[in-house]
$ cat upload_15.txt   # compact mmCIF, C-alpha atoms and all ligand atoms
# COMPACT_ATOMS: atom_id res chain seq x y z
CA MET J 1410 1.79 8.82 -22.05
CA ASN J 1411 1.23 12.23 -20.53
CA CYS J 1412 0.98 13.25 -16.89
CA PRO J 1413 -2.69 13.37 -15.73
CA GLU J 1414 -1.79 16.37 -13.60
CA CYS J 1415 0.30 18.72 -15.78
CA LYS J 1416 0.21 16.95 -19.19
CA THR J 1417 4.00 16.69 -19.44
CA GLU J 1418 5.21 13.57 -21.19
CA LEU J 1419 6.06 10.81 -18.73
CA VAL J 1420 9.52 9.29 -18.73
CA LYS J 1421 10.63 5.81 -17.71
CA LYS J 1422 12.65 5.63 -14.55
CA TYR J 1423 13.95 2.94 -12.25
CA TYR J 1424 12.41 3.60 -8.88
CA LYS J 1425 14.96 2.83 -6.15
CA GLY J 1426 16.84 0.99 -8.85
CA MET J 1427 14.30 -1.86 -8.85
CA ILE J 1428 10.90 -0.95 -10.20
CA GLU J 1429 10.44 0.44 -13.67
CA VAL J 1430 7.87 3.23 -13.48
CA GLU J 1431 6.69 6.18 -15.57
CA THR J 1432 7.34 9.46 -13.85
CA CYS J 1433 6.57 13.08 -14.60
CA PRO J 1434 9.78 15.14 -14.78
CA ARG J 1435 7.83 18.30 -13.99
CA CYS J 1436 5.47 17.54 -11.07
CA ARG J 1437 7.25 14.36 -9.92
CA GLY J 1438 4.12 12.24 -10.00
CA MET J 1439 4.39 8.55 -10.76
CA TRP J 1440 2.42 5.98 -12.73
CA LEU J 1441 2.40 2.38 -11.56
CA ASP J 1442 0.51 -0.73 -12.57
CA LEU J 1443 -0.83 -3.10 -9.91
CA VAL J 1444 2.30 -5.27 -9.93
CA GLU J 1445 4.54 -2.22 -9.58
CA LEU J 1446 2.44 -0.82 -6.74
CA ASP J 1447 2.80 -4.18 -5.00
CA GLN J 1448 6.56 -4.09 -5.55
CA LEU J 1449 6.68 -0.59 -4.11
CA GLU J 1450 4.85 -1.78 -0.98
CA ASP J 1451 7.06 -4.84 -0.77
CA THR J 1452 10.12 -2.63 -0.29
CA ALA J 1453 8.62 -1.89 3.16
CA PHE J 1454 6.33 -4.85 3.85
CA ASP J 1455 6.03 -8.00 1.75
CA GLU J 1456 3.35 -10.04 3.50
CA ASP J 1457 0.53 -9.47 1.03
CA ALA J 1458 -2.08 -11.29 3.10
CA GLN J 1459 -1.51 -8.87 5.97
CA LYS J 1460 -1.63 -5.64 4.00
CA GLY J 1461 -5.41 -5.18 4.24
CA SER J 1462 -7.69 -4.61 1.27
CA LEU J 1463 -6.47 -2.02 -1.17
CA PHE J 1464 -9.62 -0.13 -2.20
CA HIS J 1465 -11.93 1.76 0.12
CA TYR J 1466 -14.49 4.47 -0.54
CA GLN J 1467 -13.94 4.39 -4.26
CA ARG J 1468 -15.47 7.27 -6.19
CA ARG J 1469 -15.09 8.94 -9.56
CA GLY J 1470 -12.22 11.43 -9.57
CA ASP J 1471 -11.37 14.18 -12.05
CA ARG J 1472 -7.97 13.01 -13.30
CA LEU J 1473 -7.77 11.12 -16.57
CA CYS J 1474 -5.96 7.81 -17.08
CA PRO J 1475 -2.80 8.45 -19.15
CA HIS J 1476 -3.45 5.18 -21.02
CA CYS J 1477 -7.08 5.38 -22.07
CA GLY J 1478 -8.05 8.96 -21.19
CA LEU J 1479 -11.05 7.90 -19.11
CA PRO J 1480 -11.64 9.45 -15.67
CA MET J 1481 -9.90 7.58 -12.92
CA ASP J 1482 -11.44 6.61 -9.61
CA GLU J 1483 -10.16 8.09 -6.39
CA PHE J 1484 -9.98 5.72 -3.45
CA GLN J 1485 -8.77 5.56 0.09
CA TYR J 1486 -5.64 3.46 0.21
CA ARG J 1487 -5.95 0.48 2.58
CA LEU J 1488 -8.06 2.55 5.02
CA PHE J 1489 -5.13 4.90 5.64
CA ASP J 1490 -5.28 8.66 5.36
CA LEU J 1491 -4.12 8.60 1.74
CA HIS J 1492 -6.08 8.97 -1.49
CA LEU J 1493 -4.80 7.55 -4.76
CA ASN J 1494 -6.14 7.53 -8.31
CA TYR J 1495 -6.79 4.36 -10.24
CA CYS J 1496 -8.01 3.48 -13.73
CA ALA J 1497 -10.97 1.38 -12.59
CA VAL J 1498 -12.42 0.88 -16.07
CA HIS J 1499 -9.46 -0.88 -17.66
CA GLU J 1500 -7.29 -1.45 -14.60
CA HIS J 1501 -4.40 0.30 -16.33
CA GLY J 1502 -2.74 1.46 -13.17
CA PHE J 1503 -2.34 3.96 -10.37
CA TRP J 1504 -1.35 7.59 -10.27
CA LEU J 1505 0.68 8.77 -7.29
CA ASP J 1506 1.33 12.47 -6.79
CA ALA J 1507 4.79 13.64 -5.74
CA GLY J 1508 5.62 12.24 -2.32
CA GLU J 1509 2.77 9.73 -2.26
CA ASP J 1510 5.20 6.90 -2.99
CA GLU J 1511 6.98 7.78 0.26
CA ARG J 1512 3.60 7.80 2.02
CA VAL J 1513 2.87 4.30 0.69
CA THR J 1514 6.18 2.90 1.92
CA SER J 1515 5.97 4.63 5.30
CA LEU J 1516 2.41 3.35 5.81
CA MET J 1517 3.56 -0.17 4.94
CA THR J 1518 6.47 0.17 7.37
CA ARG J 1519 3.99 1.19 10.06
CA ARG J 1520 1.75 -1.74 9.20
CA ALA J 1521 4.66 -4.19 9.42
CA ARG J 1522 5.51 -2.78 12.84
CA ASP J 1523 1.89 -2.95 14.08
CA ILE J 1524 1.48 -6.53 12.93
CA HIS J 1525 4.76 -7.54 14.50
CA ARG J 1526 3.69 -5.92 17.76
CA LYS J 1527 0.30 -7.65 17.64
CA GLU J 1528 1.94 -11.02 17.08
CA GLU J 1529 4.25 -10.37 20.01
CA ALA J 1530 1.34 -9.40 22.24
CA GLU J 1531 -0.54 -12.54 21.19
CA SER J 1532 2.38 -14.81 21.90
CA GLU J 1533 2.91 -13.14 25.28
CA TRP J 1534 -0.75 -13.69 26.09
CA LYS J 1535 -0.48 -17.35 25.05
CA GLN J 1536 2.48 -17.68 27.38
CA VAL J 1537 0.43 -16.20 30.23
CA LEU J 1538 -2.34 -18.72 29.56
CA ARG J 1539 0.16 -21.58 29.42
CA ASN J 1540 1.64 -20.55 32.75
CA MET J 1541 -1.79 -20.26 34.27
CA HIS J 1542 -2.82 -23.71 33.04
CA ALA J 1543 0.40 -25.20 34.30
CA PHE J 1544 -0.20 -23.57 37.67
CA LEU J 1545 -3.79 -24.86 37.86
CA ARG J 1546 -2.75 -28.36 36.85
CA LYS J 1547 -0.07 -28.41 39.50
CA ARG J 1548 -2.50 -27.18 42.11
CA ASP J 1549 -5.14 -29.76 41.16
CA GLY J 1550 -2.55 -32.52 41.22
CA SER J 1551 -1.32 -31.80 44.72
ZN ZN C 1601 3.17 16.22 -14.15
ZN ZN C 1602 -7.05 3.48 -18.33
$ encode --input "upload_15.txt" --output "structure tokens"
Amino acid sequence: MNCPECKTELVKKYYKGMIEVETCPRCRGMWLDLVELDQLEDTAFDEDAQKGSLFHYQRRGDRLCPHCGLPMDEFQYRLFDLHLNYCAVHEHGFWLDAGEDERVTSLMTRRARDIHRKEEAESEWKQVLRNMHAFLRKRDGS
């Protein structure tokens, strides 16, 4: 397989020692299938149900899939400010430019933090309601 960006032949590499990916030795881009993209996200945030839907504003891009040579779609990643390329025709995988892997993990770290904060706020609010109910019950009882 060749890099969709600079046509250099991709080489296999273990990403963070865990995920086997194809990378471009020249432009440092990275090719991942859906499972590998999920594994990459999981290094920062592994609650799949809370990640949000993956594809938004999908449209035809100008890069070609290194597997089948058909144009890939460009899409907005989970409504974040990040655009990735994807072989939509055969679902071969995703192309990440240099540094976009770090963007994916930092966005997932942020998401994990936001969700944790939201859960904390909700449980605090529930506690407020509980206290209020207890107070009202006590008042009614006396
Ligand atoms: Zn390249
Ligand atoms: Zn393809």
$ residues_around --input "upload_15.txt" --residues "J:His1465" --least-positions-apart "2" --cutoff "10 Å" --atoms "only C-alpha atoms" --output "JSON list (two decimals) with C-alpha atoms, keeping the file's coordinate frame"
[["chain", "number", "residue", "atom", "x", "y", "z"],
["J", 1462, "SER", "CA", -7.69, -4.61, 1.27],
["J", 1463, "LEU", "CA", -6.47, -2.02, -1.17],
["J", 1467, "GLN", "CA", -13.94, 4.39, -4.26],
["J", 1468, "ARG", "CA", -15.47, 7.27, -6.19],
["J", 1483, "GLU", "CA", -10.16, 8.09, -6.39],
["J", 1484, "PHE", "CA", -9.98, 5.72, -3.45],
["J", 1485, "GLN", "CA", -8.77, 5.56, 0.09],
["J", 1486, "TYR", "CA", -5.64, 3.46, 0.21],
["J", 1487, "ARG", "CA", -5.95, 0.48, 2.58],
["J", 1488, "LEU", "CA", -8.06, 2.55, 5.02],
["J", 1489, "PHE", "CA", -5.13, 4.90, 5.64],
["J", 1492, "HIS", "CA", -6.08, 8.97, -1.49]]
$ closest_atom_pairs --input "upload_15.txt" --of "chain J" --to "ligand ZN 1602 (chain C)" --cutoff "10 Å" --atoms "all atoms listed in the file" --output "JSON lines"
{"residue": "J:Leu1473", "atom": "CA", "partner": "C:ZN1602", "partner_atom": "ZN", "distance": 7.9}
{"residue": "J:Cys1474", "atom": "CA", "partner": "C:ZN1602", "partner_atom": "ZN", "distance": 4.6}
{"residue": "J:Pro1475", "atom": "CA", "partner": "C:ZN1602", "partner_atom": "ZN", "distance": 6.6}
{"residue": "J:His1476", "atom": "CA", "partner": "C:ZN1602", "partner_atom": "ZN", "distance": 4.8}
{"residue": "J:Cys1477", "atom": "CA", "partner": "C:ZN1602", "partner_atom": "ZN", "distance": 4.2}
{"residue": "J:Gly1478", "atom": "CA", "partner": "C:ZN1602", "partner_atom": "ZN", "distance": 6.3}
{"residue": "J:Leu1479", "atom": "CA", "partner": "C:ZN1602", "partner_atom": "ZN", "distance": 6.0}
{"residue": "J:Pro1480", "atom": "CA", "partner": "C:ZN1602", "partner_atom": "ZN", "distance": 8.0}
{"residue": "J:Met1481", "atom": "CA", "partner": "C:ZN1602", "partner_atom": "ZN", "distance": 7.4}
{"residue": "J:Tyr1495", "atom": "CA", "partner": "C:ZN1602", "partner_atom": "ZN", "distance": 8.1}
{"residue": "J:Cys1496", "atom": "CA", "partner": "C:ZN1602", "partner_atom": "ZN", "distance": 4.7}
{"residue": "J:Ala1497", "atom": "CA", "partner": "C:ZN1602", "partner_atom": "ZN", "distance": 7.3}
{"residue": "J:Val1498", "atom": "CA", "partner": "C:ZN1602", "partner_atom": "ZN", "distance": 6.4}
{"residue": "J:His1499", "atom": "CA", "partner": "C:ZN1602", "partner_atom": "ZN", "distance": 5.0}
{"residue": "J:Glu1500", "atom": "CA", "partner": "C:ZN1602", "partner_atom": "ZN", "distance": 6.2}
{"residue": "J:His1501", "atom": "CA", "partner": "C:ZN1602", "partner_atom": "ZN", "distance": 4.6}
{"residue": "J:Gly1502", "atom": "CA", "partner": "C:ZN1602", "partner_atom": "ZN", "distance": 7.0}
{"residue": "J:Phe1503", "atom": "CA", "partner": "C:ZN1602", "partner_atom": "ZN", "distance": 9.3}
$ closest_atom_pairs --input "upload_15.txt" --of "chain J" --to "ligand ZN 1601 (chain C)" --cutoff "9 Å" --atoms "all atoms listed in the file" --output "Markdown table"
| residue | atom | partner | partner_atom | distance |
| --- | --- | --- | --- | --- |
| J:Asn1411 | CA | C:ZN1601 | ZN | 7.8 |
| J:Cys1412 | CA | C:ZN1601 | ZN | 4.6 |
| J:Pro1413 | CA | C:ZN1601 | ZN | 6.7 |
| J:Glu1414 | CA | C:ZN1601 | ZN | 5.0 |
| J:Cys1415 | CA | C:ZN1601 | ZN | 4.1 |
| J:Lys1416 | CA | C:ZN1601 | ZN | 5.9 |
| J:Thr1417 | CA | C:ZN1601 | ZN | 5.4 |
| J:Glu1418 | CA | C:ZN1601 | ZN | 7.8 |
| J:Leu1419 | CA | C:ZN1601 | ZN | 7.7 |
| J:Thr1432 | CA | C:ZN1601 | ZN | 7.9 |
| J:Cys1433 | CA | C:ZN1601 | ZN | 4.6 |
| J:Pro1434 | CA | C:ZN1601 | ZN | 6.7 |
| J:Arg1435 | CA | C:ZN1601 | ZN | 5.1 |
| J:Cys1436 | CA | C:ZN1601 | ZN | 4.1 |
| J:Arg1437 | CA | C:ZN1601 | ZN | 6.2 |
| J:Gly1438 | CA | C:ZN1601 | ZN | 5.8 |
| J:Met1439 | CA | C:ZN1601 | ZN | 8.5 |
| J:Asp1506 | CA | C:ZN1601 | ZN | 8.5 |
| J:Ala1507 | CA | C:ZN1601 | ZN | 8.9 |
$ atom_distance --input "upload_15.txt" --atom1 "atom CA of J:Trp1534" --atom2 "atom CA of J:Arg1522"
18.3 Å
$ atom_distance --input "upload_15.txt" --atom1 "atom CA of J:Leu1493" --atom2 "atom CA of J:Glu1456"
21.1 Å
$ closest_residue --input "upload_15.txt" --among "J:Phe1544, J:Leu1516, J:His1525, J:Asp1510" --to "J:Lys1425" --atoms "only C-alpha atoms"
J:Asp1510
$ atom_distance --input "upload_15.txt" --atom1 "atom CA of J:Arg1548" --atom2 "atom CA of J:Glu1531"
25.6 Å
$ residues_around --input "upload_15.txt" --residues "J:Tyr1423" --least-positions-apart "6" --cutoff "12 Å" --atoms "all atoms listed in the file" --output "count of residues only"
9
$ closest_residue --input "upload_15.txt" --among "J:Arg1472, J:Lys1547, J:Arg1519, J:Lys1527" --to "J:Trp1504" --atoms "all atoms listed in the file"
J:Arg1472
$ closest_residue --input "upload_15.txt" --among "J:Asp1482, J:Ser1532, J:Gly1426, J:Phe1454" --to "J:Gly1470" --atoms "all atoms listed in the file"
J:Asp1482
$ closest_residue --input "upload_15.txt" --among "J:Val1420, J:Met1427, J:Leu1505, J:Val1513" --to "J:Ala1453" --atoms "all atoms listed in the file"
J:Val1513
$ residues_around --input "upload_15.txt" --residues "J:Lys1460" --least-positions-apart "5" --cutoff "10 Å" --atoms "only C-alpha atoms" --output "count of residues only"
9
